[in-house]
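**Student:** The file below is final_38.txt, compact mmCIF, C-alpha atoms:
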```txt
# COMPACT_ATOMS: atom_id res chain seq x y z
CA MET A 97 112.56 96.11 90.71
CA SER A 98 110.46 93.14 91.58
CA THR A 99 106.95 92.83 92.85
CA GLU A 100 105.15 90.22 94.92
CA ALA A 101 101.62 89.94 96.09
CA SER A 102 99.67 88.84 99.12
CA GLU A 103 96.07 89.55 99.98
CA THR A 104 96.62 92.57 102.18
CA SER A 105 100.07 93.84 101.35
CA VAL A 106 102.18 95.17 98.53
CA ARG A 107 105.89 94.34 98.27
CA ASN A 108 108.62 95.90 96.21
CA SER A 109 112.38 95.58 96.24
CA ILE A 110 115.29 97.22 94.50
CA VAL A 111 119.09 96.92 94.55
CA VAL A 112 121.08 100.16 94.44
CA ASP A 113 124.79 100.76 93.86
CA ALA A 114 125.49 102.53 97.15
CA PRO A 115 126.76 101.66 100.64
CA ILE A 116 124.02 100.78 103.12
CA GLU A 117 124.43 104.00 105.14
CA ARG A 118 123.90 106.14 102.06
CA ALA A 119 121.01 104.00 100.83
CA PHE A 120 119.32 104.50 104.19
CA SER A 121 119.95 108.24 104.45
CA VAL A 122 118.74 108.97 100.90
CA PHE A 123 115.54 107.03 101.59
CA THR A 124 114.82 108.91 104.83
CA ASP A 125 116.43 112.38 104.66
CA GLY A 126 115.93 112.46 100.91
CA PHE A 127 112.37 111.11 100.85
CA GLY A 128 111.04 114.33 99.40
CA THR A 129 113.42 114.14 96.43
CA PHE A 130 111.84 110.99 94.97
CA LYS A 131 108.30 110.79 96.32
CA PRO A 132 105.93 110.85 93.30
CA ARG A 133 104.63 114.40 92.82
CA ASP A 134 100.98 113.50 92.51
CA HIS A 135 101.02 112.04 96.02
CA ASN A 136 99.61 115.21 97.54
CA LEU A 137 96.65 115.75 99.87
CA LEU A 138 97.20 119.49 100.06
CA GLU A 139 95.22 121.91 97.95
CA VAL A 140 98.39 123.59 96.73
CA ASP A 141 101.70 122.36 95.32
CA ILE A 142 104.22 120.89 97.73
CA ALA A 143 107.17 123.11 98.61
CA GLU A 144 108.96 120.36 100.54
CA THR A 145 108.47 116.94 102.09
CA VAL A 146 110.07 116.42 105.49
CA PHE A 147 110.93 113.02 107.01
CA GLU A 148 111.48 113.49 110.75
CA THR A 149 114.16 110.91 111.46
CA HIS A 150 113.10 109.65 114.89
CA VAL A 151 110.40 107.41 116.34
CA GLY A 152 107.31 109.53 116.96
CA GLY A 153 108.23 111.92 114.17
CA ASN A 154 106.14 112.47 111.06
CA ILE A 155 106.55 112.49 107.36
CA TYR A 156 104.81 115.63 106.22
CA ASP A 157 104.31 117.77 103.16
CA ARG A 158 104.51 121.53 103.38
CA GLY A 159 102.62 123.41 100.72
CA VAL A 160 103.80 126.53 98.93
CA ASP A 161 101.31 128.51 101.07
CA GLY A 162 102.71 127.10 104.34
CA SER A 163 99.93 124.55 104.90
CA GLU A 164 101.00 121.13 106.16
CA CYS A 165 99.83 117.56 105.80
CA ARG A 166 101.25 115.03 108.29
CA TRP A 167 100.41 111.78 106.52
CA ALA A 168 102.76 109.33 108.25
CA ARG A 169 104.07 108.56 111.74
CA VAL A 170 107.56 107.11 112.15
CA LEU A 171 107.11 103.84 114.09
CA ALA A 172 110.67 102.46 113.94
CA TYR A 173 113.90 104.19 113.02
CA GLU A 174 116.96 101.91 113.05
CA PRO A 175 119.69 103.28 110.78
CA PRO A 176 121.03 101.86 108.56
CA ASN A 177 118.89 98.71 108.59
CA ARG A 178 115.22 99.42 108.99
CA VAL A 179 112.52 102.07 109.07
CA VAL A 180 108.77 101.65 109.62
CA PHE A 181 106.13 104.32 109.18
CA SER A 182 102.35 104.43 109.20
CA TRP A 183 100.22 105.33 106.18
CA ASP A 184 97.56 107.67 107.53
CA ILE A 185 95.70 108.11 104.27
CA SER A 186 92.25 106.59 103.95
CA ALA A 187 90.79 104.80 100.97
CA GLN A 188 88.88 108.05 100.32
CA TRP A 189 92.20 109.83 99.90
CA GLN A 190 91.74 111.78 103.14
CA LEU A 191 93.97 112.06 106.18
CA GLU A 192 93.04 109.16 108.52
CA THR A 193 93.03 110.19 112.18
CA ASP A 194 92.17 106.77 113.66
CA PRO A 195 95.45 104.80 113.95
CA ALA A 196 93.47 101.52 113.95
CA LYS A 197 92.45 102.26 110.36
CA THR A 198 95.93 102.95 109.03
CA SER A 199 98.33 100.63 107.22
CA GLU A 200 102.10 100.57 107.60
CA VAL A 201 105.22 100.55 105.49
CA GLU A 202 108.38 98.69 106.49
CA VAL A 203 111.61 99.29 104.60
CA THR A 204 114.67 97.12 105.25
CA PHE A 205 118.20 97.67 103.96
CA THR A 206 120.63 94.77 103.48
CA ALA A 207 124.26 95.19 102.40
CA GLU A 208 125.05 92.93 99.45
CA GLY A 209 128.55 94.41 99.21
CA PRO A 210 130.45 97.54 100.28
CA GLU A 211 128.81 99.52 97.44
CA ARG A 212 125.62 97.54 96.93
CA THR A 213 122.42 97.51 99.00
CA ARG A 214 119.15 95.64 98.68
CA VAL A 215 116.12 97.69 99.70
CA GLU A 216 112.91 95.78 100.43
CA LEU A 217 109.63 97.54 101.01
CA GLU A 218 106.41 96.08 102.34
CA HIS A 219 103.21 98.11 102.61
CA ARG A 220 100.99 95.91 104.78
CA ASN A 221 97.71 95.71 106.72
CA LEU A 222 95.90 97.29 103.81
CA ASP A 223 92.69 95.64 105.01
CA ARG A 224 92.66 98.11 107.92
CA HIS A 225 91.55 100.72 105.41
CA GLY A 226 88.69 98.37 104.59
CA GLU A 227 85.88 99.92 106.57
CA GLY A 228 86.06 103.02 104.48
CA TRP A 229 85.13 101.20 101.30
CA GLU A 230 81.41 101.19 102.02
CA GLY A 231 81.45 104.95 102.18
CA VAL A 232 83.59 104.97 99.10
CA ARG A 233 81.02 103.00 97.14
CA GLU A 234 78.19 105.19 98.36
CA GLY A 235 80.12 108.26 97.34
CA VAL A 236 80.95 106.95 93.91
CA HIS A 237 79.29 109.83 92.13
CA GLY A 238 80.57 112.40 94.59
CA ASP A 239 83.80 114.32 94.61
CA GLN A 240 85.53 111.93 97.00
CA GLY A 241 86.31 108.27 96.97
CA TRP A 242 86.35 106.00 93.97
CA PRO A 243 86.52 108.75 91.37
CA LEU A 244 89.80 109.97 92.85
CA TYR A 245 91.29 106.51 92.60
CA LEU A 246 89.86 106.10 89.14
CA GLU A 247 91.36 109.41 88.09
CA ALA A 248 94.69 108.25 89.43
CA PHE A 249 94.38 104.89 87.70
CA ALA A 250 93.38 106.44 84.42
CA GLY A 251 95.94 109.23 84.52
CA GLN A 252 98.91 107.13 85.54
CA ALA A 253 98.06 104.07 83.53
CA GLY A 254 98.23 106.36 80.51
CA ALA A 255 94.66 105.71 79.36
CA MET I 280 102.04 90.48 86.62
CA ALA I 281 99.29 89.85 89.14
CA LEU I 282 99.52 93.10 91.06
CA GLY I 283 99.40 95.34 88.06
CA ASP I 284 96.11 93.79 87.00
CA GLY I 285 93.91 96.23 88.89
CA TRP I 286 95.88 99.07 87.39
CA THR I 287 95.74 97.81 83.83
CA ALA I 288 92.11 96.80 84.13
CA LEU I 289 90.95 100.31 85.03
CA GLY I 290 93.25 101.96 82.51
CA ASP I 291 90.79 101.08 79.74
CA PRO I 292 87.96 103.65 79.34
CA THR I 293 85.28 101.05 78.56
CA ARG I 294 86.24 99.00 81.60
CA ARG I 295 86.14 102.17 83.72
CA ALA I 296 82.64 102.84 82.42
CA ILE I 297 81.57 99.28 83.26
CA PHE I 298 83.20 99.48 86.68
CA GLU I 299 81.51 102.81 87.49
CA ARG I 300 78.12 101.39 86.54
CA LEU I 301 78.67 98.33 88.72
CA ALA I 302 79.75 100.58 91.59
CA ASP I 303 76.36 102.29 91.22
CA ARG I 304 74.52 98.95 91.53
CA PRO I 305 74.99 95.29 90.53
CA ARG I 306 74.06 94.57 86.92
CA ALA I 307 73.81 91.69 84.44
CA VAL I 308 75.86 91.53 81.22
CA GLY I 309 72.81 92.33 79.10
CA GLU I 310 72.05 95.51 81.05
CA LEU I 311 75.61 96.74 80.62
CA ALA I 312 75.56 95.98 76.92
CA ALA I 313 72.28 97.91 76.56
CA GLU I 314 73.70 100.96 78.35
CA LEU I 315 77.06 101.10 76.64
CA PRO I 316 78.05 101.34 72.98
CA VAL I 317 79.71 97.92 73.17
CA SER I 318 78.61 94.47 72.09
CA ARG I 319 77.58 91.85 74.59
CA PRO I 320 80.62 89.62 73.89
CA ALA I 321 82.88 92.66 74.35
CA VAL I 322 81.22 93.44 77.70
CA SER I 323 81.77 89.83 78.76
CA GLN I 324 85.43 90.07 77.80
CA HIS I 325 85.87 93.31 79.80
CA LEU I 326 84.10 91.75 82.77
CA LYS I 327 86.50 88.82 82.65
CA VAL I 328 89.46 91.20 82.90
CA LEU I 329 87.85 93.08 85.82
CA LYS I 330 87.07 89.76 87.50
CA ASP I 331 90.62 88.44 87.03
CA ALA I 332 91.88 91.64 88.63
CA ARG I 333 89.44 90.96 91.48
CA LEU I 334 87.79 94.34 91.05
CA VAL I 335 84.39 92.74 90.49
CA SER I 336 82.76 89.47 91.46
CA ASP I 337 79.83 87.61 89.92
CA GLN I 338 76.96 85.49 91.13
CA ARG I 339 74.48 83.31 89.26
CA VAL I 340 70.86 84.33 89.85
CA GLY I 341 68.53 81.98 87.97
CA THR I 342 69.69 82.03 84.36
CA ARG I 343 71.50 85.36 84.72
CA ARG I 344 74.94 86.19 86.02
CA ILE I 345 75.00 89.35 88.15
CA TYR I 346 78.21 91.35 88.49
CA ARG I 347 79.06 93.62 91.41
CA VAL I 348 82.07 95.63 92.60
CA ASP I 349 84.37 93.70 94.91
CA PRO I 350 83.09 94.97 98.27
CA ASP I 351 86.41 95.41 100.06
CA GLY I 352 88.03 97.25 97.18
CA LEU I 353 91.40 95.87 98.18
CA ALA I 354 92.46 95.05 94.64
CA ALA I 355 92.10 98.67 93.57
CA LEU I 356 93.95 99.96 96.61
CA ARG I 357 96.74 97.45 96.11
CA GLY I 358 96.96 98.27 92.44
CA TYR I 359 97.29 101.94 93.25
CA LEU I 360 99.90 101.46 95.99
CA ASP I 361 101.93 98.98 93.98
CA HIS I 362 102.20 101.54 91.20
CA PHE I 363 102.97 104.30 93.71
CA TRP I 364 105.88 102.40 95.30
CA ASP I 365 107.19 101.28 91.92
CA GLN I 366 107.42 104.93 90.90
CA ALA I 367 108.88 105.94 94.26
CA LEU I 368 111.61 103.28 94.20
CA ALA I 369 112.56 104.12 90.62
CA GLY I 370 112.95 107.76 91.71
CA TYR I 371 114.83 106.61 94.78
CA ARG I 372 117.38 104.71 92.70
CA THR I 373 118.01 107.83 90.63
CA ALA I 374 118.40 109.91 93.80
CA VAL I 375 120.86 107.45 95.36
CA GLU I 376 122.98 107.31 92.22
CA ARG I 377 123.01 111.10 91.92
CA HIS I 378 124.28 111.32 95.50
CA MET I 379 127.00 108.78 94.70
CA LYS I 380 128.17 110.81 91.68
CA GLU I 381 128.21 114.04 93.67
CA SER I 382 130.31 112.49 96.43
CA THR I 383 132.99 111.08 94.12
```
Can the structure from this file be put into structure tokens for me?

**Tutor:**
Amino acid sequence: MSTEASETSVRNSIVVDAPIERAFSVFTDGFGTFKPRDHNLLEVDIAETVFETHVGGNIYDRGVDGSECRWARVLAYEPPNRVVFSWDISAQWQLETDPAKTSEVEVTFTAEGPERTRVELEHRNLDRHGEGWEGVREGVHGDQGWPLYLEAFAGQAGA
Amino acid sequence: MALGDGWTALGDPTRRAIFERLADRPRAVGELAAELPVSRPAVSQHLKVLKDARLVSDQRVGTRRIYRVDPDGLAALRGYLDHFWDQALAGYRTAVERHMKEST
């Protein structure tokens, strides 16, 4: 895995030993099998994560109690080369309903051989979440906002 | 590893404490050292790490240097998401390879 930086985006890439079609289908159909568990806006554990494989579809989590959280909209679906989806989660770790304040994730698949595929991921337009940060700072001692990110930082960084 | 900086910076409990105090309001090094069980040079060192990770910025006011939380918070968000996608892609690789084994 490699990582690059720019001001308002995050990039990652990985090469997998699989044909491009399989690399694409595992990323989309199988999204729920590898998405980190703590990525959860529901109040209960996630029973399944569904990636609706068409433009206009959603990526959503379904909780064990049947509740749902639709946290992404599929913006481009071009098997086996490319998929783009929105990231409708605000800086306060809430579902963002204003599309103008959401970022987006583009994933491209490039065949490096019959059994080898490069997967490049860019999560961009992070500054669109920016407006929320004022509220985040004001709510620093509340239950929402910075503390949630700090918890996540502390927990996952192994502090 | 530039992107991991935000992550690493907030992984340290003392730096979290400093960061939380600065999120409350801007402060000088001396104020932080007075509030926390850490020496002034140690506070300065922690502030340097937070500043390098672009989580805080500083400004000279007279003879004092005042530190505040980076107002757009982008570094923290990027740090979080970078870690998230790193984890996700590592899991993805495992999932792809499991599928390959099952199909052969």

**Student:** Would you list the residues near (71.2, 88.0, 83.2) (no more than 8 Å away, in the coordinates of the file, using only C-alpha atoms) as a ChimeraX atom specification?

**Tutor:** /I:307-310,340,342-345

**Student:** Separation of atom CA of Val322 of chain I and atom CA of Arg306 of chain I, in Å?

**Tutor:**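 Result for atom CA of Val322 of chain I versus atom CA of Arg306 of chain I: 11.7 Å, one decimal.
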
**Student:** Would you pick out the contacts of Leu315 of chain I at 12 Å or less, using only C-alpha atoms, so that residues sharing its chain but fewer than 6 positions from it are not included, and give the list as a short mmCIF file (atom, residue, chain, number, x, y, z; two decimals) with C-alpha atoms, keeping the file's coordinate frame?

**Tutor:**
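File written: out_13.cif
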```cif
data_model
loop_
_atom_site.label_atom_id
_atom_site.label_comp_id
_atom_site.auth_asym_id
_atom_site.auth_seq_id
_atom_site.Cartn_x
_atom_site.Cartn_y
_atom_site.Cartn_z
CA PRO I 292 87.96 103.65 79.34
CA THR I 293 85.28 101.05 78.56
CA ARG I 294 86.24 99.00 81.60
CA ARG I 295 86.14 102.17 83.72
CA ALA I 296 82.64 102.84 82.42
CA ILE I 297 81.57 99.28 83.26
CA PHE I 298 83.20 99.48 86.68
CA GLU I 299 81.51 102.81 87.49
CA ARG I 300 78.12 101.39 86.54
CA VAL I 308 75.86 91.53 81.22
CA GLY I 309 72.81 92.33 79.10
CA ALA I 321 82.88 92.66 74.35
CA VAL I 322 81.22 93.44 77.70
#
```

**Student:** For a test of reading the model, state the distance in Å between atom CA of Asn221 of chain A and atom CA of Asp194 of chain A, rounded to one decimal.

**Tutor:** 14.2 Å

**Student:** If I put a ball of radius 7 Å at (106.4, 108.7, 93.6) in the file's coordinates, which residues poke into it when counting only C-alpha atoms, written as a list of chain:residue names?

**Tutor:** A:Phe130, A:Lys131, A:Pro132, A:Arg133, A:His135, I:Phe363, I:Trp364, I:Gln366, I:Ala367, I:Gly370

**Student:** Rounded to one decimal in Å, what is the spacing between atom CA of Ser105 of chain A and atom CA of His219 of chain A?

**Tutor:**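 Distance reported for this atom pair: 5.4 Å.
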
**Student:** Any chance you could model N, CA and C atoms for segment 332-358 of chain I and send them as a CSV table (one decimal), in the frame of the given file?

**Tutor:**
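New file out.csv:
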```
chain,number,residue,atom,x,y,z
I,332,ALA,N,91.2,90.7,87.8
I,332,ALA,CA,91.9,91.6,88.6
I,332,ALA,C,91.2,91.8,90.0
I,333,ARG,N,90.2,91.0,90.2
I,333,ARG,CA,89.4,91.0,91.5
I,333,ARG,C,88.8,92.3,91.8
I,334,LEU,N,88.5,93.1,90.8
I,334,LEU,CA,87.8,94.3,91.0
I,334,LEU,C,86.3,94.1,91.1
I,335,VAL,N,85.8,93.1,90.4
I,335,VAL,CA,84.4,92.7,90.5
I,335,VAL,C,84.2,91.2,90.8
I,336,SER,N,83.1,90.9,91.3
I,336,SER,CA,82.8,89.5,91.5
I,336,SER,C,81.4,89.2,90.8
I,337,ASP,N,81.1,87.9,90.6
I,337,ASP,CA,79.8,87.6,89.9
I,337,ASP,C,79.1,86.5,90.7
I,338,GLN,N,77.8,86.4,90.4
I,338,GLN,CA,77.0,85.5,91.1
I,338,GLN,C,75.8,85.1,90.2
I,339,ARG,N,75.5,83.8,90.1
I,339,ARG,CA,74.5,83.3,89.3
I,339,ARG,C,73.1,83.5,90.0
I,340,VAL,N,72.2,84.2,89.3
I,340,VAL,CA,70.9,84.3,89.8
I,340,VAL,C,69.9,83.8,88.8
I,341,GLY,N,69.4,82.6,89.0
I,341,GLY,CA,68.5,82.0,88.0
I,341,GLY,C,69.4,81.7,86.7
I,342,THR,N,68.9,82.3,85.6
I,342,THR,CA,69.7,82.0,84.4
I,342,THR,C,70.7,83.2,84.1
I,343,ARG,N,70.6,84.2,85.0
I,343,ARG,CA,71.5,85.4,84.7
I,343,ARG,C,72.7,85.3,85.6
I,344,ARG,N,73.7,86.0,85.2
I,344,ARG,CA,74.9,86.2,86.0
I,344,ARG,C,75.0,87.7,86.4
I,345,ILE,N,75.0,88.0,87.7
I,345,ILE,CA,75.0,89.4,88.2
I,345,ILE,C,76.4,89.7,88.6
I,346,TYR,N,76.9,90.9,88.1
I,346,TYR,CA,78.2,91.4,88.5
I,346,TYR,C,78.1,92.5,89.5
I,347,ARG,N,79.0,92.5,90.4
I,347,ARG,CA,79.1,93.6,91.4
I,347,ARG,C,80.5,94.0,91.7
I,348,VAL,N,80.7,95.2,92.2
I,348,VAL,CA,82.1,95.6,92.6
I,348,VAL,C,82.5,94.8,93.8
I,349,ASP,N,83.8,94.4,93.8
I,349,ASP,CA,84.4,93.7,94.9
I,349,ASP,C,84.2,94.6,96.2
I,350,PRO,N,83.5,94.1,97.2
I,350,PRO,CA,83.1,95.0,98.3
I,350,PRO,C,84.2,95.5,99.1
I,351,ASP,N,85.4,94.8,99.2
I,351,ASP,CA,86.4,95.4,100.1
I,351,ASP,C,87.3,96.3,99.3
I,352,GLY,N,87.2,96.3,98.0
I,352,GLY,CA,88.0,97.2,97.2
I,352,GLY,C,89.5,97.1,97.3
I,353,LEU,N,90.0,96.0,97.9
I,353,LEU,CA,91.4,95.9,98.2
I,353,LEU,C,92.2,95.8,96.9
I,354,ALA,N,91.7,95.2,95.9
I,354,ALA,CA,92.5,95.0,94.6
I,354,ALA,C,92.8,96.4,94.1
I,355,ALA,N,91.8,97.3,94.1
I,355,ALA,CA,92.1,98.7,93.6
I,355,ALA,C,93.1,99.4,94.4
I,356,LEU,N,93.0,99.3,95.7
I,356,LEU,CA,94.0,100.0,96.6
I,356,LEU,C,95.4,99.4,96.4
I,357,ARG,N,95.4,98.1,96.3
I,357,ARG,CA,96.7,97.4,96.1
I,357,ARG,C,97.3,97.8,94.8
I,358,GLY,N,96.5,97.9,93.8
I,358,GLY,CA,97.0,98.3,92.4
I,358,GLY,C,97.5,99.7,92.5
```
